[in-house]
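Student: Quick one, entry_34.txt (compact mmCIF, C-alpha atoms):
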```
# COMPACT_ATOMS: atom_id res chain seq x y z
CA MET P 1 -19.88 80.13 22.35
CA THR P 2 -20.28 76.54 23.49
CA HIS P 3 -17.06 74.80 24.34
CA LYS P 4 -16.60 71.50 22.60
CA ILE P 5 -14.76 68.91 24.59
CA ALA P 6 -13.73 65.30 24.09
CA ILE P 7 -13.44 62.80 26.89
CA VAL P 8 -11.50 59.66 26.09
CA GLY P 9 -12.75 56.79 28.25
CA SER P 10 -16.08 55.88 29.80
CA GLY P 11 -15.22 54.56 33.24
CA PRO P 12 -15.81 56.45 36.52
CA ALA P 13 -13.20 59.13 35.65
CA GLY P 14 -14.49 59.88 32.16
CA LEU P 15 -18.16 59.78 33.08
CA SER P 16 -17.71 61.96 36.20
CA ALA P 17 -15.89 64.54 34.08
CA ALA P 18 -18.66 64.24 31.49
CA ILE P 19 -21.44 64.80 34.03
CA TYR P 20 -19.76 67.99 35.25
CA ALA P 21 -18.97 69.24 31.76
CA ALA P 22 -22.44 68.53 30.39
CA ARG P 23 -24.02 70.28 33.38
CA ALA P 24 -21.77 73.27 32.59
CA ASP P 25 -23.46 73.38 29.16
CA MET P 26 -20.45 72.19 27.26
CA ASP P 27 -20.77 70.10 24.13
CA VAL P 28 -19.40 66.78 25.39
CA SER P 29 -18.37 63.75 23.33
CA ILE P 30 -17.32 60.66 25.23
CA TYR P 31 -15.22 58.17 23.28
CA ALA P 32 -16.20 54.96 25.03
CA GLY P 33 -13.33 52.77 23.81
CA LEU P 34 -13.34 48.99 23.64
CA GLU P 35 -14.48 48.47 27.22
CA PRO P 36 -17.41 50.85 27.68
CA GLY P 37 -17.85 51.45 31.40
CA GLY P 38 -14.34 50.26 32.15
CA GLN P 39 -13.06 47.79 34.70
CA LEU P 40 -16.10 47.92 36.97
CA THR P 41 -18.17 46.25 34.27
CA LYS P 42 -16.21 43.06 34.91
CA THR P 43 -17.05 42.91 38.61
CA THR P 44 -20.05 41.85 40.65
CA GLU P 45 -21.38 43.66 43.68
CA ILE P 46 -19.83 47.01 44.56
CA GLU P 47 -19.22 47.24 48.30
CA ASN P 48 -16.85 50.19 48.64
CA TYR P 49 -18.33 53.04 46.60
CA PRO P 50 -19.94 55.42 49.09
CA GLY P 51 -23.69 55.67 48.71
CA VAL P 52 -23.89 52.61 46.49
CA ILE P 53 -25.42 49.60 48.23
CA GLY P 54 -26.70 46.43 46.60
CA LYS P 55 -25.64 47.35 43.07
CA THR P 56 -23.28 45.56 40.74
CA GLY P 57 -20.43 47.21 38.85
CA PRO P 58 -22.28 47.12 35.51
CA GLU P 59 -25.40 48.58 37.13
CA LEU P 60 -23.38 51.44 38.60
CA MET P 61 -21.72 52.14 35.25
CA LEU P 62 -25.05 52.09 33.41
CA LEU P 63 -26.35 54.66 35.88
CA MET P 64 -23.30 56.88 35.47
CA THR P 65 -23.68 56.63 31.68
CA GLU P 66 -27.37 57.49 31.89
CA GLN P 67 -26.57 60.44 34.15
CA ALA P 68 -24.03 61.84 31.68
CA GLN P 69 -26.45 61.35 28.77
CA LYS P 70 -29.27 62.99 30.71
CA PHE P 71 -27.31 66.24 30.68
CA GLY P 72 -26.57 65.94 26.99
CA ALA P 73 -23.22 64.15 26.76
CA LYS P 74 -22.90 62.06 23.59
CA ILE P 75 -21.35 58.60 23.62
CA ILE P 76 -19.30 57.49 20.65
CA TYR P 77 -18.54 53.77 20.61
CA GLU P 78 -15.08 54.07 19.16
CA GLU P 79 -11.50 53.69 20.21
CA VAL P 80 -9.27 56.74 19.89
CA ASN P 81 -5.96 56.23 18.12
CA ASP P 82 -4.98 59.76 17.23
CA LEU P 83 -4.80 62.51 19.82
CA ALA P 84 -3.82 65.21 17.31
CA LYS P 85 -7.09 64.68 15.45
CA LEU P 86 -9.09 65.21 18.66
CA GLN P 87 -7.09 68.34 19.48
CA LYS P 88 -8.08 69.80 16.10
CA GLU P 89 -11.76 68.98 16.51
CA TYR P 90 -12.23 69.97 20.15
CA ASP P 91 -11.38 72.92 22.39
CA ALA P 92 -9.96 70.61 25.07
CA VAL P 93 -9.45 66.92 25.74
CA ILE P 94 -9.69 64.89 28.95
CA LEU P 95 -7.82 61.60 28.88
CA ALA P 96 -9.47 58.98 31.08
CA MET P 97 -8.79 55.68 29.35
CA GLY P 98 -8.17 53.80 32.56
CA ALA P 99 -6.24 50.58 32.39
CA SER P 100 -6.53 47.33 30.54
CA SER P 101 -5.79 43.80 31.64
CA ARG P 102 -2.17 42.76 31.88
CA MET P 103 -1.35 39.66 29.86
CA LEU P 104 1.15 36.88 30.58
CA GLY P 105 3.07 37.54 27.37
CA ILE P 106 3.45 33.87 26.43
CA GLY P 107 1.38 34.00 23.27
CA GLU P 108 -1.89 33.32 25.05
CA GLU P 109 -3.75 35.98 23.03
CA LYS P 110 -4.55 33.55 20.25
CA TYR P 111 -6.91 31.75 22.65
CA TRP P 112 -9.28 34.73 23.10
CA GLY P 113 -12.76 33.22 23.06
CA LYS P 114 -11.19 29.75 23.02
CA GLY P 115 -10.65 29.35 26.73
CA LEU P 116 -8.78 32.58 27.54
CA SER P 117 -10.65 35.26 29.45
CA THR P 118 -10.09 38.30 31.63
CA CYS P 119 -13.72 38.40 32.75
CA ALA P 120 -14.69 35.41 34.87
CA VAL P 121 -17.95 37.09 35.80
CA CYS P 122 -18.83 37.09 32.07
CA ASP P 123 -17.56 33.69 31.06
CA ALA P 124 -17.71 31.44 34.14
CA ALA P 125 -21.03 29.93 33.11
CA PHE P 126 -19.40 28.38 30.02
CA TYR P 127 -17.32 26.21 32.37
CA ARG P 128 -20.13 24.22 33.92
CA GLY P 129 -18.68 20.85 34.91
CA LYS P 130 -15.27 21.80 33.49
CA LYS P 131 -11.83 22.72 34.79
CA ALA P 132 -10.41 26.21 34.99
CA VAL P 133 -7.16 27.90 35.99
CA VAL P 134 -7.01 31.43 37.40
CA VAL P 135 -3.73 33.38 37.55
CA GLY P 136 -3.36 36.12 40.14
CA GLY P 137 -3.35 36.84 43.85
CA GLY P 138 -5.41 39.96 44.41
CA ASP P 139 -9.07 40.67 45.05
CA ALA P 140 -9.86 40.32 41.35
CA ALA P 141 -8.38 36.80 41.28
CA VAL P 142 -10.43 35.79 44.30
CA GLU P 143 -13.56 37.23 42.71
CA ASP P 144 -12.82 35.19 39.56
CA MET P 145 -12.39 32.07 41.71
CA MET P 146 -15.76 32.69 43.36
CA ALA P 147 -17.49 33.15 40.02
CA LEU P 148 -15.92 29.98 38.60
CA THR P 149 -16.54 27.70 41.58
CA ARG P 150 -20.25 28.22 41.04
CA PHE P 151 -20.00 26.33 37.73
CA ALA P 152 -16.68 24.53 37.25
CA ASN P 153 -15.79 21.19 38.86
CA SER P 154 -12.35 22.30 39.87
CA VAL P 155 -10.59 25.64 39.83
CA THR P 156 -6.86 26.05 40.33
CA LEU P 157 -5.44 29.37 41.46
CA VAL P 158 -1.86 30.03 40.35
CA VAL P 159 -0.16 32.50 42.69
CA ARG P 160 3.29 33.86 41.92
CA ARG P 161 4.13 34.47 45.57
CA ASP P 162 3.60 32.42 48.76
CA LYS P 163 0.59 34.43 49.87
CA LEU P 164 -2.42 36.27 48.49
CA ARG P 165 -2.55 40.04 48.16
CA ALA P 166 -6.33 39.86 48.34
CA SER P 167 -8.00 41.32 51.41
CA VAL P 168 -8.66 38.91 54.26
CA ALA P 169 -12.40 39.30 53.76
CA MET P 170 -12.04 38.15 50.15
CA GLN P 171 -9.61 35.30 50.93
CA LYS P 172 -12.02 33.69 53.38
CA ARG P 173 -14.49 33.22 50.56
CA ILE P 174 -12.37 30.69 48.71
CA LEU P 175 -9.87 29.10 51.08
CA ASP P 176 -12.29 26.49 52.43
CA ASN P 177 -13.98 25.64 49.14
CA PRO P 178 -13.33 21.97 48.23
CA LYS P 179 -13.30 22.80 44.49
CA VAL P 180 -10.38 25.19 44.99
CA LYS P 181 -6.74 24.22 44.64
CA ILE P 182 -4.00 26.79 45.15
CA LEU P 183 -0.51 26.51 43.70
CA TRP P 184 1.90 28.87 45.51
CA ASN P 185 5.16 30.25 44.08
CA SER P 186 3.93 29.21 40.67
CA GLU P 187 3.73 30.55 37.15
CA VAL P 188 1.99 29.58 33.93
CA THR P 189 4.69 29.41 31.27
CA LYS P 190 2.89 27.86 28.30
CA VAL P 191 -0.59 27.35 26.92
CA ASN P 192 -1.40 24.32 24.78
CA GLY P 193 -4.36 23.42 22.60
CA GLU P 194 -5.46 23.09 18.99
CA ALA P 195 -8.90 24.67 18.50
CA LYS P 196 -9.10 25.73 22.14
CA ILE P 197 -7.11 25.63 25.36
CA GLU P 198 -6.47 22.05 26.47
CA SER P 199 -3.70 22.42 29.01
CA VAL P 200 -1.24 24.84 30.57
CA VAL P 201 2.28 24.33 31.84
CA ILE P 202 2.79 25.32 35.46
CA ASN P 203 6.24 24.92 37.05
CA GLY P 204 7.23 22.59 34.25
CA GLU P 205 4.21 20.37 34.75
CA THR P 206 1.39 20.09 32.19
CA ILE P 207 -2.03 20.50 33.74
CA GLU P 208 -5.25 19.88 31.85
CA THR P 209 -7.70 22.76 31.81
CA ASP P 210 -10.56 24.08 29.72
CA GLY P 211 -10.09 27.70 30.64
CA LEU P 212 -7.40 30.21 31.62
CA PHE P 213 -8.53 33.34 33.46
CA LEU P 214 -6.07 36.18 33.97
CA ALA P 215 -6.31 38.50 36.98
CA ILE P 216 -2.74 39.76 37.12
CA GLY P 217 -3.43 43.43 37.26
CA HIS P 218 -3.75 46.19 34.74
CA LEU P 219 -1.60 48.45 32.60
CA PRO P 220 -2.50 52.05 31.80
CA ALA P 221 -4.30 52.13 28.44
CA THR P 222 -1.98 54.76 27.00
CA ASN P 223 -0.37 52.96 24.08
CA PHE P 224 -1.81 55.32 21.48
CA LEU P 225 -0.12 58.26 23.24
CA LYS P 226 3.35 56.92 22.58
CA ASN P 227 3.39 58.77 19.24
CA SER P 228 2.04 61.96 20.78
CA ASP P 229 3.68 64.75 22.76
CA VAL P 230 1.98 63.72 26.00
CA LYS P 231 4.58 62.68 28.55
CA LEU P 232 4.26 59.22 30.06
CA ASP P 233 6.30 57.82 32.92
CA ASP P 234 8.38 54.65 32.67
CA GLU P 235 5.36 52.47 33.37
CA GLY P 236 3.19 54.21 30.80
CA TYR P 237 1.11 56.37 33.14
CA ILE P 238 0.31 59.88 31.96
CA GLN P 239 2.33 62.50 33.79
CA ILE P 240 0.32 65.35 35.26
CA GLY P 241 1.32 68.01 37.74
CA ASN P 242 1.29 71.41 36.04
CA LEU P 243 1.54 74.10 38.74
CA SER P 244 -1.49 76.14 37.66
CA TYR P 245 -3.55 73.18 36.50
CA PRO P 246 -2.57 70.06 38.49
CA THR P 247 -4.37 67.67 36.14
CA MET P 248 -3.09 69.15 32.87
CA THR P 249 -0.54 67.10 30.94
CA ASN P 250 2.54 68.71 29.43
CA VAL P 251 0.38 69.45 26.38
CA GLU P 252 -1.79 72.59 26.61
CA GLY P 253 -5.49 71.82 26.77
CA VAL P 254 -5.01 68.10 27.34
CA PHE P 255 -5.95 66.94 30.81
CA ALA P 256 -5.93 63.51 32.43
CA GLY P 257 -7.56 61.67 35.30
CA GLY P 258 -8.31 58.21 36.65
CA ASP P 259 -6.26 55.03 36.40
CA CYS P 260 -4.40 56.11 33.25
CA SER P 261 -2.66 58.78 35.31
CA ASP P 262 -2.73 57.15 38.74
CA HIS P 263 -0.20 54.46 39.55
CA ARG P 264 -0.87 54.66 43.23
CA TYR P 265 -4.53 54.42 44.26
CA ARG P 266 -6.46 52.96 41.31
CA GLN P 267 -9.89 52.96 42.93
CA ALA P 268 -13.20 53.77 41.28
CA VAL P 269 -13.94 56.47 43.84
CA VAL P 270 -10.53 58.06 43.35
CA ALA P 271 -10.91 57.87 39.57
CA ALA P 272 -14.28 59.64 39.75
CA GLY P 273 -12.69 62.39 41.85
CA MET P 274 -9.75 62.72 39.48
CA GLY P 275 -12.14 63.00 36.55
CA VAL P 276 -13.89 65.90 38.24
CA SER P 277 -10.54 67.54 39.07
CA ALA P 278 -9.59 67.29 35.40
CA PHE P 279 -12.85 68.92 34.40
CA LEU P 280 -12.48 71.77 36.92
CA ASP P 281 -8.93 72.48 35.78
CA MET P 282 -10.06 72.39 32.17
CA GLU P 283 -12.91 74.81 32.87
CA LYS P 284 -10.51 77.19 34.58
CA TRP P 285 -8.02 76.86 31.74
CA MET P 286 -10.72 77.71 29.21
CA GLU P 287 -11.84 80.78 31.16
CA MET P 288 -8.27 82.07 31.19
CA ARG P 289 -7.57 81.30 27.60
CA LEU P 290 -10.55 81.21 25.30
CA MET I 1 -32.89 46.99 26.47
CA ALA I 2 -33.43 46.25 22.81
CA GLY I 3 -33.70 48.92 20.15
CA ALA I 4 -36.69 49.11 17.81
CA ASN I 5 -34.84 47.35 15.00
CA THR I 6 -32.92 44.85 17.13
CA VAL I 7 -34.18 41.29 16.70
CA THR I 8 -34.23 38.86 19.62
CA PHE I 9 -32.90 35.49 18.48
CA THR I 10 -33.60 32.26 20.37
CA ASP I 11 -32.97 28.53 20.03
CA ALA I 12 -36.50 28.31 18.66
CA ASN I 13 -36.30 30.97 15.95
CA PHE I 14 -32.60 30.71 15.04
CA ASP I 15 -33.12 28.42 12.08
CA GLU I 16 -35.88 30.55 10.58
CA GLN I 17 -34.56 34.03 11.35
CA VAL I 18 -30.82 33.53 11.02
CA LEU I 19 -29.94 30.48 8.94
CA LYS I 20 -32.76 30.87 6.42
CA SER I 21 -32.64 34.67 6.23
CA SER I 22 -32.29 36.21 2.77
CA LYS I 23 -30.22 39.05 4.20
CA PRO I 24 -26.92 38.60 6.08
CA VAL I 25 -27.49 38.37 9.84
CA MET I 26 -25.31 39.65 12.68
CA VAL I 27 -25.87 37.91 16.01
CA ASP I 28 -24.61 39.33 19.30
CA PHE I 29 -24.19 36.51 21.84
CA TRP I 30 -24.60 38.06 25.27
CA ALA I 31 -26.02 37.55 28.77
CA THR I 32 -27.53 39.78 31.40
CA TRP I 33 -24.73 38.93 33.85
CA CYS I 34 -22.02 40.04 31.42
CA GLY I 35 -21.29 43.67 32.21
CA PRO I 36 -19.24 44.40 29.10
CA CYS I 37 -22.06 42.92 26.97
CA VAL I 38 -24.69 45.06 28.65
CA MET I 39 -22.60 48.23 28.32
CA ALA I 40 -21.94 47.51 24.64
CA GLY I 41 -25.58 46.66 23.92
CA PRO I 42 -26.48 50.14 22.61
CA VAL I 43 -23.98 49.73 19.75
CA ILE I 44 -25.85 46.69 18.46
CA ASP I 45 -29.05 48.74 18.63
CA GLU I 46 -27.40 51.60 16.73
CA LEU I 47 -26.13 49.22 14.05
CA ALA I 48 -29.51 47.51 13.78
CA THR I 49 -31.06 50.88 13.00
CA ASP I 50 -28.28 52.23 10.75
CA TYR I 51 -28.18 49.08 8.61
CA LYS I 52 -31.76 47.89 8.77
CA ASP I 53 -32.16 47.82 4.99
CA LYS I 54 -29.19 45.59 4.25
CA TYR I 55 -28.77 43.39 7.33
CA VAL I 56 -30.72 41.70 10.09
CA ILE I 57 -29.06 42.50 13.41
CA GLY I 58 -29.99 41.16 16.81
CA LYS I 59 -29.07 39.56 20.11
CA LEU I 60 -29.10 36.06 21.50
CA ASP I 61 -29.09 35.55 25.27
CA VAL I 62 -26.70 32.61 25.82
CA ASP I 63 -28.26 31.85 29.18
CA GLN I 64 -31.72 31.27 27.73
CA ASN I 65 -30.45 29.71 24.51
CA GLN I 66 -27.61 27.40 25.45
CA THR I 67 -28.15 25.04 22.52
CA THR I 68 -27.31 27.66 19.90
CA ALA I 69 -24.45 29.14 21.93
CA GLY I 70 -23.03 25.64 22.37
CA LYS I 71 -23.46 24.75 18.72
CA TYR I 72 -21.32 27.70 17.65
CA GLY I 73 -18.77 27.10 20.39
CA VAL I 74 -19.28 30.44 22.09
CA GLN I 75 -17.03 30.41 25.16
CA SER I 76 -16.57 34.06 25.89
CA ILE I 77 -19.01 36.92 25.59
CA PRO I 78 -19.66 39.25 23.97
CA THR I 79 -19.11 37.31 20.75
CA VAL I 80 -20.56 38.61 17.51
CA ILE I 81 -21.03 36.22 14.57
CA LEU I 82 -22.01 37.23 11.06
CA PHE I 83 -24.05 34.71 9.05
CA LYS I 84 -24.71 34.64 5.34
CA ASP I 85 -26.77 31.99 3.54
CA GLY I 86 -26.92 29.93 6.73
CA LYS I 87 -23.16 29.89 7.24
CA GLU I 88 -20.82 31.70 9.59
CA VAL I 89 -18.69 34.15 7.59
CA ALA I 90 -17.05 36.19 10.33
CA ARG I 91 -16.69 36.29 14.09
CA LYS I 92 -15.45 38.83 16.62
CA VAL I 93 -14.80 37.85 20.24
CA GLY I 94 -14.89 40.70 22.75
CA PHE I 95 -16.39 44.12 22.15
CA ALA I 96 -14.84 45.68 19.06
CA GLY I 97 -16.31 49.18 18.83
CA LYS I 98 -18.74 50.44 16.22
CA PRO I 99 -16.28 50.96 13.32
CA MET I 100 -14.94 47.42 13.68
CA TYR I 101 -18.46 45.94 13.56
CA GLU I 102 -19.17 48.03 10.48
CA ASN I 103 -16.09 46.52 8.85
CA LEU I 104 -17.31 43.08 9.87
CA LEU I 105 -20.67 43.74 8.20
CA LYS I 106 -18.92 44.64 4.96
CA THR I 107 -17.48 41.12 4.72
CA ALA I 108 -20.94 39.70 3.98
```
Please render this file's structure as structure tokens.

Tutor:
Amino acid sequence: MTHKIAIVGSGPAGLSAAIYAARADMDVSIYAGLEPGGQLTKTTEIENYPGVIGKTGPELMLLMTEQAQKFGAKIIYEEVNDLAKLQKEYDAVILAMGASSRMLGIGEEKYWGKGLSTCAVCDAAFYRGKKAVVVGGGDAAVEDMMALTRFANSVTLVVRRDKLRASVAMQKRILDNPKVKILWNSEVTKVNGEAKIESVVINGETIETDGLFLAIGHLPATNFLKNSDVKLDDEGYIQIGNLSYPTMTNVEGVFAGGDCSDHRYRQAVVAAGMGVSAFLDMEKWMEMRL
Amino acid sequence: MAGANTVTFTDANFDEQVLKSSKPVMVDFWATWCGPCVMAGPVIDELATDYKDKYVIGKLDVDQNQTTAGKYGVQSIPTVILFKDGKEVARKVGFAGKPMYENLLKTA
């Protein structure tokens, strides 16, 4: 009998699990979600994934997808909202939804496609000769700044603290750029504009801008699990740690890996490894049970 | 990366193939540098095949066709716009998943 499994998520964790499962002759369905390929698709060159040199994030994710498909995994371009339904249809489920962009929570969502973006690599080119504001202080914020300075006339980085969290190597790439302005100890508290973003309020001061790019981290994409039996921690990460199957959740036959269950490392390489761990535990669980 | 039934729209053919089309047309505004667009591309190809009798479905590269992208105020990609009788009837910014695009198609 062929085991039928569902993998929720199509980033490094989900696709690594899928490659292993498909090679083990399982019938694998990958639910790709609303960001097929995951966070790496919003980046440029990948410099820290062993064995990958001179490739961009999207290129790496296309290859991983192709590799999973080559062994027979099917990709379904849908978002999963109901775990119970998957549990009925499949012998086991691997949760690997990763994380989605954190928002400011000041009602900025209504400006999606009207100046608000969480993917500077995608949208920077629409800001040729314009002004943009980036919020954040990590590597992702610096990468957004780099993408935008290629097109925009001026780019302001809004940093909540008095220093950047970004690695020194990344910081060097923007600190001397004349188009870059950095506002320390600052926060965006309001977004203004009729048909599109026209200005933002920073520290009580209104600053004109055409675009607002958010790079303030990610939250585990586990909202749909809140009505399920799967245990989440206070921050929404899936709890794993079963003694016999370290990647199994508290629900039998439901495993998890990658950023949705990792509040500590959150790296593509780690996610890929966790995806494989989830698969191996699931395979063992099936042998014992089915 | 286009499917057999996926039409390539451009500034040059937009008027003819989209605005003057007798069938409703779904246009995916994308670019090669946009990772999420590239990863979601296969969905547009699937839809173009599934719905080839009722709709014209295709892609427009915003990099090569800035006039059209500018005209429709596309500022973030992927953006999908549905046209009927030469007019925009629906728009979805950001990848929406196959079922959502199918719902979008039903509005035309």

Student: Please identify every residue of chain P that has at least one atom no more than 6 Å from any atom of chain I, counting only C-alpha atoms, and report them as a PyMOL selection string.

Tutor: chain P and resi 34+36+41-42+58+77-78+113+122-123+126

Student: I'd like the neighbourhood of Leu175 (chain P) as an NGL selection string, where a residue qualifies if any of its atoms comes within 12 Å (using all atoms listed in the file), though same-chain residues fewer than 5 positions away should be ignored.

Tutor: :P and (142 or 145-146 or 149 or 155-157 or 163-164 or 166 or 168-170 or 180-182)

Student: Have a look at I:Ser22, I:Lys59, I:Thr8, I:Thr67 and name the one nearest to Lys87 (chain I); count all atoms listed in the file.

Tutor: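 Of I:Ser22, I:Lys59, I:Thr8, I:Thr67, the one nearest Lys87 (chain I), counting all atoms listed in the file, is I:Ser22.
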
Student: What gap, in Å, lies between CA of Gly37 (chain P) and CA of Asp61 (chain I)?

Tutor: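 Atom-to-atom, CA of Gly37 (chain P) and CA of Asp61 (chain I) are spaced 20.4 Å apart.
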
Student: Applying 9 Å and only C-alpha atoms, which residues near Gly54 (chain P) remain after dropping the ones on its own chain fewer than 5 positions away? List them as a list in words.

Tutor: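 Counting only the stated atoms, we get Glu45, Ile46 and Glu47 of chain P.
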
Student: In the coordinate frame of the file, compute which residues have an atom within 8 Å of (-32.2, 41.4, 11.8) when using only C-alpha atoms, and state them as a VMD selection string.

Tutor: chain I and resid 5 to 7 17 25 to 26 48 52 55 to 58
